[in-house]
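One structure is given below, encoded as structure tokens.
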Amino acid sequence: MRLSQMLFVTLREDPAEAEIPSHKLLLRAGYIRRIGSGIYAYLPLMWRVLKKVSQIVREEMDATGAQECLLPQLQPADLWRESGRWDTYTQAEGIMFAMTDRQQRELGLGPTHEEVITTIAKDMIRSYRQLPVHLYQIQTKFRDEIRPRFGLMRGREFIMKDGYSFHTNEESLKKTYQDMAQAYSNMLRRSGLQFRAVDADSGAIGGSGSQEFMVLAEAGEDEVLYTEDGQYAANVEKAVSMPADAEPSPFATFEKRETPGTETIDKLCKFLKCSPTQVVKNVLYQAVYDNGITVLVLVSIRGDQEVNQVKLLNELTKLAGNYQAKTVLFLTVPDAEAQRKWAAKSLPLGYMAPDVADDYIAGSKEVNSKFLRLVDRTAVDLTNFVTGSNESGYHVVGANWNKEFPLPATVVGVRTAKKGDRAVHNPEQTLQSARGIEVGHIFQLGTKYSQAMGATYTSEQGEEMPFMMGCYGVGVSRLAQSAVEQSYDKDGIIWPVAIAPYHAIISIPNISDAQQVEVAEKLYAELNQSGIETLLDDRDERAGVKFKDADLIGIPYRIVPGRSLKAGKVEVVERATHKSHEILIDEVNSTLKQWIEAAVS
């Protein structure tokens, strides 16, 4: 392609709406254009990148025996009600675009396709002899993000590969799950990315085991915790660890003390001259279940620890049956306005004890009349601890479980693991931290969807059995932008060779110089003919402008037919290193072929 004929516009200044380097660079370099909030047009250069990423994904999926298909983007609400996820996706997470057609039928724009694919399996797979089956698609998905940001990282419309497998047993499912773990590693390695596979929470998708594939980058929204021995890696939502040991309590007897102005753990510990490891803090949450019941949750946890809301949400979901519900729609820390709706009297916030009385709750049909009391494992073994007194301005010291305070019946593990904690698998290893961009996620769904939707097959013994299922997703457009976030410099993008829109760009310094144009045209034809995808910058611009644009758009190799032509050579500059080589014109093709093969091998 000749740049003079291409839709090609670059910007010298960072666009106002862009926050992170990759977003700024993709806009500046003319790869994408914003059409609306979280909605972007993929321009010609970007589309070439996306096609290359898609091809790598497709090749790795096909190599596992998976079959490509294309599923509808419009999905009937009835399918999602069958699985029990309609309310979760339209109200709790609120990420589904929902609509009503002219016949008043409710529909959703697909953020994912478990319901559709389970319906297909239910209709078409009758016997164990047809299993296992693995179907995948590469398609546009839609999610109504609360705050679209970072360009293609968190958009409302994006390209994704999603795959779904069906099995007769867990052994078969685990084999495909492992095949996908390897395929995903291959995809990212072939795309030229540094990444880490980590244990993850299954979230609204559900199921048992799941793994995320994180591209390492400073601007990553996710924190990854890992050990140097390579034996453990998880995102912070899922990570487990051993907290620091609690310090001995300085309080030997139980007493109530005046502690004015000590609503926070830091203030309290300074006032009492004690360690936060000897404090039991009591954190209040408000959970709304899918049947409309609000439950006030009191979590008792060690003072130096923080509650992980994802872990807490999972625990509350397990308890949904106690409230005749299936799932949690919302989990929040109730603010003053929320408290006014259910509090019978003002709560002693910052001074609550584990036994704060249930009569603080004005019970109703919508609000459960008792606190759900949970205790984190970090607080269970504390003795002579400090905690609230249920009276503003006062705490108690020297308290013990089952003496001054009943130990809550439900013990949970909801603390947030953090950098520096000891590893569970080897306490000599401490957790390290890195930032990552999630580009892939694989799940072992089990029978979650097949049981809910009545999707069964006839087993070898003639029984009707629910399918065992797996689910596997890769964000194609997100992966492309994460490559930029991982690799750029002050001059622009540095694309990995495997997914760069073009391998090389020929920048003619002076289009009035007949020799420069002749050599450029010759190389342009030869390189493209031999499979080296090459751009020709034949614009009537200054050489400096062309070189800056070539660096900005990140093409791996820049060829300059300039002063070295007198010696029968051209200059070839490697974008990643800015290293310059003078190469004989007749050897440019073979040299670039060798470099490209080495880069993508």
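So you can find residues: chains in the structure tokens are A, B, ... in the order shown, residues in each start at 1, and ligands are numbered from 1 in order.
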
Might you pull out every residue within 12 Å of A:Arg302, with only C-alpha atoms counted and same-chain residues fewer than 3 positions away left off, and present them as a compact mmCIF listing (two decimals) with N, CA, C and O atoms, in the first residue's frame?
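Produced file out36.txt, reproduced below:
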```txt
# COMPACT_ATOMS: atom_id res chain seq x y z
N PRO A 243 -1.12 -14.27 56.17
CA PRO A 243 -0.84 -12.92 56.66
C PRO A 243 0.29 -12.94 57.68
O PRO A 243 0.68 -14.00 58.18
N ALA A 244 0.80 -11.77 57.99
CA ALA A 244 1.83 -11.67 59.03
C ALA A 244 1.26 -12.18 60.35
O ALA A 244 0.05 -12.08 60.61
N ASP A 245 2.11 -12.73 61.20
CA ASP A 245 1.66 -13.22 62.51
C ASP A 245 1.16 -12.05 63.35
O ASP A 245 1.71 -10.94 63.30
N ALA A 246 0.14 -12.32 64.15
CA ALA A 246 -0.37 -11.29 65.05
C ALA A 246 0.62 -11.05 66.18
O ALA A 246 1.24 -11.99 66.69
N GLU A 247 0.78 -9.81 66.56
CA GLU A 247 1.65 -9.47 67.69
C GLU A 247 0.95 -9.78 69.01
O GLU A 247 -0.30 -9.80 69.05
N ILE A 265 -8.64 2.61 62.13
CA ILE A 265 -7.70 1.70 62.79
C ILE A 265 -6.41 2.43 63.15
O ILE A 265 -5.86 2.26 64.25
N SER A 275 -0.94 -2.79 68.32
CA SER A 275 -0.78 -3.20 66.93
C SER A 275 -2.13 -3.44 66.28
O SER A 275 -3.05 -3.95 66.94
N PRO A 276 -2.29 -3.08 64.99
CA PRO A 276 -3.56 -3.39 64.30
C PRO A 276 -3.83 -4.89 64.21
O PRO A 276 -4.97 -5.30 63.98
N THR A 277 -2.78 -5.71 64.40
CA THR A 277 -2.99 -7.17 64.37
C THR A 277 -3.75 -7.65 65.60
O THR A 277 -4.15 -8.82 65.66
N GLN A 278 -3.94 -6.77 66.61
CA GLN A 278 -4.69 -7.15 67.81
C GLN A 278 -6.05 -6.45 67.88
O GLN A 278 -6.67 -6.36 68.93
N VAL A 279 -6.47 -5.94 66.71
CA VAL A 279 -7.78 -5.28 66.63
C VAL A 279 -8.72 -6.13 65.78
O VAL A 279 -8.33 -6.66 64.75
N VAL A 280 -9.95 -6.27 66.23
CA VAL A 280 -11.01 -6.86 65.39
C VAL A 280 -11.87 -5.70 64.91
O VAL A 280 -12.54 -5.03 65.71
N LYS A 281 -11.80 -5.43 63.59
CA LYS A 281 -12.67 -4.37 63.05
C LYS A 281 -13.90 -5.03 62.45
O LYS A 281 -13.86 -6.16 61.96
N ASN A 282 -15.00 -4.33 62.49
CA ASN A 282 -16.29 -4.88 62.07
C ASN A 282 -16.83 -4.02 60.94
O ASN A 282 -17.19 -2.85 61.15
N VAL A 283 -16.83 -4.58 59.75
CA VAL A 283 -17.13 -3.82 58.52
C VAL A 283 -18.54 -4.17 58.06
O VAL A 283 -18.90 -5.34 57.93
N VAL A 299 -18.89 -8.07 58.81
CA VAL A 299 -17.70 -8.90 58.67
C VAL A 299 -16.69 -8.48 59.73
O VAL A 299 -16.24 -7.33 59.76
N GLN A 305 -6.01 -6.05 58.09
CA GLN A 305 -6.43 -6.69 56.85
C GLN A 305 -7.61 -5.95 56.22
O GLN A 305 -8.32 -5.21 56.89
N GLU A 306 -7.78 -6.14 54.90
CA GLU A 306 -8.89 -5.54 54.17
C GLU A 306 -9.79 -6.63 53.61
O GLU A 306 -9.32 -7.71 53.23
N VAL A 307 -11.08 -6.35 53.55
CA VAL A 307 -12.03 -7.31 52.98
C VAL A 307 -11.93 -7.28 51.46
O VAL A 307 -11.92 -6.20 50.86
N PRO A 354 -18.64 -6.84 67.37
CA PRO A 354 -19.17 -7.99 66.64
C PRO A 354 -20.62 -8.32 67.01
O PRO A 354 -21.32 -8.98 66.23
N VAL A 375 -17.10 -14.02 60.25
CA VAL A 375 -15.79 -13.72 60.82
C VAL A 375 -14.71 -14.27 59.90
O VAL A 375 -14.77 -15.43 59.48
N ASP A 376 -13.76 -13.43 59.57
CA ASP A 376 -12.64 -13.87 58.74
C ASP A 376 -11.67 -14.69 59.59
O ASP A 376 -11.53 -14.48 60.80
N ARG A 377 -11.01 -15.64 58.94
CA ARG A 377 -10.09 -16.54 59.66
C ARG A 377 -9.00 -15.78 60.40
O ARG A 377 -8.49 -16.25 61.40
N THR A 378 -8.62 -14.60 59.90
CA THR A 378 -7.55 -13.84 60.57
C THR A 378 -7.95 -13.38 61.96
O THR A 378 -7.08 -13.09 62.79
N ALA A 379 -9.25 -13.30 62.23
CA ALA A 379 -9.71 -12.80 63.54
C ALA A 379 -10.07 -13.91 64.51
O ALA A 379 -10.21 -13.66 65.71
N VAL A 380 -10.23 -15.12 64.02
CA VAL A 380 -10.76 -16.22 64.84
C VAL A 380 -9.88 -16.53 66.05
O VAL A 380 -10.36 -16.76 67.16
N ASP A 381 -8.54 -16.56 65.85
CA ASP A 381 -7.64 -17.00 66.92
C ASP A 381 -7.11 -15.87 67.80
O ASP A 381 -6.25 -16.09 68.66
N LEU A 382 -7.58 -14.65 67.58
CA LEU A 382 -7.10 -13.53 68.40
C LEU A 382 -7.60 -13.66 69.84
O LEU A 382 -8.74 -14.07 70.09
N THR A 383 -6.75 -13.29 70.77
CA THR A 383 -7.13 -13.28 72.19
C THR A 383 -6.80 -11.90 72.77
O THR A 383 -5.88 -11.22 72.31
N PHE A 385 -8.22 -9.15 72.42
CA PHE A 385 -8.18 -8.19 71.31
C PHE A 385 -8.93 -6.89 71.64
O PHE A 385 -9.65 -6.79 72.65
N VAL A 386 -8.74 -5.92 70.76
CA VAL A 386 -9.42 -4.63 70.84
C VAL A 386 -10.55 -4.63 69.81
O VAL A 386 -10.37 -5.10 68.69
N THR A 387 -11.70 -4.10 70.17
CA THR A 387 -12.78 -3.97 69.18
C THR A 387 -13.72 -2.86 69.64
O THR A 387 -13.51 -2.23 70.69
N GLY A 413 -13.00 -16.94 54.53
CA GLY A 413 -11.70 -16.41 54.13
C GLY A 413 -11.91 -15.31 53.10
O GLY A 413 -12.01 -15.58 51.90
N VAL A 414 -12.04 -14.06 53.58
CA VAL A 414 -12.36 -12.95 52.67
C VAL A 414 -11.33 -11.84 52.72
O VAL A 414 -11.57 -10.74 52.23
N ARG A 415 -10.17 -12.10 53.28
CA ARG A 415 -9.14 -11.06 53.34
C ARG A 415 -8.49 -10.88 51.97
O ARG A 415 -8.46 -11.81 51.14
N THR A 416 -7.94 -9.71 51.74
CA THR A 416 -7.23 -9.42 50.50
C THR A 416 -5.75 -9.77 50.66
O THR A 416 -5.09 -9.24 51.56
```

Neighbours of A:Met160 within 10 Å (only C-alpha atoms; same-chain residues fewer than 2 positions away dropped), as an mmCIF file with N, CA, C and O atoms, in the first residue's frame?
```
data_model
loop_
_atom_site.group_PDB
_atom_site.id
_atom_site.type_symbol
_atom_site.label_atom_id
_atom_site.label_comp_id
_atom_site.auth_asym_id
_atom_site.auth_seq_id
_atom_site.Cartn_x
_atom_site.Cartn_y
_atom_site.Cartn_z
ATOM 1 N N SER A 54 -6.407 -12.298 14.982
ATOM 2 C CA SER A 54 -7.484 -13.279 14.772
ATOM 3 C C SER A 54 -6.955 -14.543 14.107
ATOM 4 O O SER A 54 -7.376 -15.659 14.442
ATOM 5 N N PRO A 111 -23.188 -10.152 25.393
ATOM 6 C CA PRO A 111 -21.880 -9.920 25.990
ATOM 7 C C PRO A 111 -21.075 -11.205 26.067
ATOM 8 O O PRO A 111 -19.864 -11.201 26.217
ATOM 9 N N THR A 112 -21.786 -12.339 25.963
ATOM 10 C CA THR A 112 -21.200 -13.675 25.988
ATOM 11 C C THR A 112 -22.276 -14.635 25.486
ATOM 12 O O THR A 112 -23.423 -14.237 25.309
ATOM 13 N N GLN A 137 -16.126 -19.009 18.158
ATOM 14 C CA GLN A 137 -16.403 -17.958 17.177
ATOM 15 C C GLN A 137 -15.506 -16.762 17.466
ATOM 16 O O GLN A 137 -14.983 -16.603 18.570
ATOM 17 N N ILE A 138 -15.305 -15.930 16.451
ATOM 18 C CA ILE A 138 -14.635 -14.633 16.611
ATOM 19 C C ILE A 138 -15.660 -13.595 16.168
ATOM 20 O O ILE A 138 -16.061 -13.573 15.005
ATOM 21 N N GLN A 139 -16.073 -12.752 17.113
ATOM 22 C CA GLN A 139 -17.253 -11.931 16.856
ATOM 23 C C GLN A 139 -17.240 -10.669 17.717
ATOM 24 O O GLN A 139 -16.539 -10.599 18.722
ATOM 25 N N THR A 140 -18.013 -9.678 17.316
ATOM 26 C CA THR A 140 -18.183 -8.468 18.118
ATOM 27 C C THR A 140 -19.098 -8.748 19.296
ATOM 28 O O THR A 140 -20.145 -9.377 19.158
ATOM 29 N N LYS A 141 -18.667 -8.267 20.478
ATOM 30 C CA LYS A 141 -19.469 -8.394 21.696
ATOM 31 C C LYS A 141 -19.842 -6.994 22.188
ATOM 32 O O LYS A 141 -19.199 -6.002 21.829
ATOM 33 N N PHE A 142 -20.860 -6.942 23.056
ATOM 34 C CA PHE A 142 -21.369 -5.662 23.539
ATOM 35 C C PHE A 142 -21.515 -5.703 25.057
ATOM 36 O O PHE A 142 -22.124 -6.623 25.593
ATOM 37 N N GLU A 157 -18.116 -1.954 22.781
ATOM 38 C CA GLU A 157 -18.197 -2.846 21.627
ATOM 39 C C GLU A 157 -16.773 -3.314 21.349
ATOM 40 O O GLU A 157 -15.856 -2.505 21.264
ATOM 41 N N PHE A 158 -16.562 -4.619 21.243
ATOM 42 C CA PHE A 158 -15.199 -5.126 21.100
ATOM 43 C C PHE A 158 -15.222 -6.493 20.406
ATOM 44 O O PHE A 158 -16.275 -7.148 20.335
ATOM 45 N N ASP A 162 -14.752 -16.381 21.595
ATOM 46 C CA ASP A 162 -15.301 -17.160 22.701
ATOM 47 C C ASP A 162 -15.590 -18.578 22.217
ATOM 48 O O ASP A 162 -16.101 -18.789 21.123
ATOM 49 N N GLY A 163 -15.208 -19.543 23.063
ATOM 50 C CA GLY A 163 -15.385 -20.952 22.723
ATOM 51 C C GLY A 163 -16.058 -21.698 23.862
ATOM 52 O O GLY A 163 -15.951 -21.313 25.029
ATOM 53 N N VAL A 439 -6.325 -10.511 29.005
ATOM 54 C CA VAL A 439 -6.689 -10.661 27.586
ATOM 55 C C VAL A 439 -7.339 -12.008 27.304
ATOM 56 O O VAL A 439 -7.914 -12.201 26.234
ATOM 57 N N GLY A 440 -7.259 -12.938 28.255
ATOM 58 C CA GLY A 440 -7.870 -14.247 28.062
ATOM 59 C C GLY A 440 -8.348 -14.811 29.378
ATOM 60 O O GLY A 440 -7.798 -14.504 30.440
ATOM 61 N N GLY A 473 -12.379 -17.636 26.576
ATOM 62 C CA GLY A 473 -12.476 -16.354 25.870
ATOM 63 C C GLY A 473 -11.134 -15.653 25.700
ATOM 64 O O GLY A 473 -10.281 -15.704 26.591
ATOM 65 N N VAL A 474 -10.969 -14.998 24.549
ATOM 66 C CA VAL A 474 -9.801 -14.150 24.286
ATOM 67 C C VAL A 474 -10.301 -12.831 23.701
ATOM 68 O O VAL A 474 -11.063 -12.826 22.724
ATOM 69 N N GLY A 475 -9.884 -11.725 24.292
ATOM 70 C CA GLY A 475 -10.235 -10.413 23.749
ATOM 71 C C GLY A 475 -9.278 -10.053 22.621
ATOM 72 O O GLY A 475 -8.129 -9.694 22.871
ATOM 73 N N VAL A 476 -9.739 -10.156 21.397
ATOM 74 C CA VAL A 476 -8.882 -9.916 20.230
ATOM 75 C C VAL A 476 -8.463 -8.441 20.160
ATOM 76 O O VAL A 476 -7.276 -8.114 20.030
ATOM 77 N N SER A 477 -9.440 -7.529 20.246
ATOM 78 C CA SER A 477 -9.108 -6.101 20.167
ATOM 79 C C SER A 477 -8.340 -5.653 21.406
ATOM 80 O O SER A 477 -7.448 -4.805 21.324
ATOM 81 N N ARG A 478 -8.646 -6.216 22.562
ATOM 82 C CA ARG A 478 -7.925 -5.876 23.785
ATOM 83 C C ARG A 478 -6.478 -6.366 23.712
ATOM 84 O O ARG A 478 -5.555 -5.675 24.135
ATOM 85 N N LEU A 479 -6.286 -7.563 23.166
ATOM 86 C CA LEU A 479 -4.929 -8.093 23.014
ATOM 87 C C LEU A 479 -4.098 -7.168 22.135
ATOM 88 O O LEU A 479 -2.934 -6.878 22.438
#
```

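When only C-alpha atoms are used to measure the gap to A:Thr327, the shortest distance among A:Leu374, A:Leu70, A:Ile146, A:Val288 belongs to A:Val288.
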
Task: Filtered DSSP result for stretch 47-202 of chain A, state alpha helix (DSSP H), as a ChimeraX atom specification - done: /A:47-63,77-83,86-87,114-124,170-190

- [ ] Please measure the separation of atom CA of A:Val573 and atom CA of A:Ile559, giving the value in Å to one decimal.
- [x] 6.6 Å

- [ ] With a distance cut-off of 6 Å and only C-alpha atoms, select the neighbouring residues of stretch 546-554 of chain A, excluding the residue or stretch itself and same-chain residues fewer than 2 positions from it, and output the selection as an MDAnalysis selection string.
- [x] chainID A and resid 29 491:495 543:544

TODO: Can you pull out every residue within 9 Å of stretch 308-310 of chain A, counting only C-alpha atoms, but drop anything in the same chain fewer than 3 positions away, and send it as a PyMOL selection string?
DONE: chain A and resi 201+203+236-238+313-315+331-332+414-417

TODO: Would you list the contacts of stretch 190-192 of chain A as number ranges by chain, taking every protein, DNA or RNA residue within 10 Å and counting only C-alpha atoms, but skipping same-chain residues closer than 3 positions in sequence?
DONE: A: 52-53, 56-57, 60, 184-187, 195, 479-480, 483, 495-500, 599-601
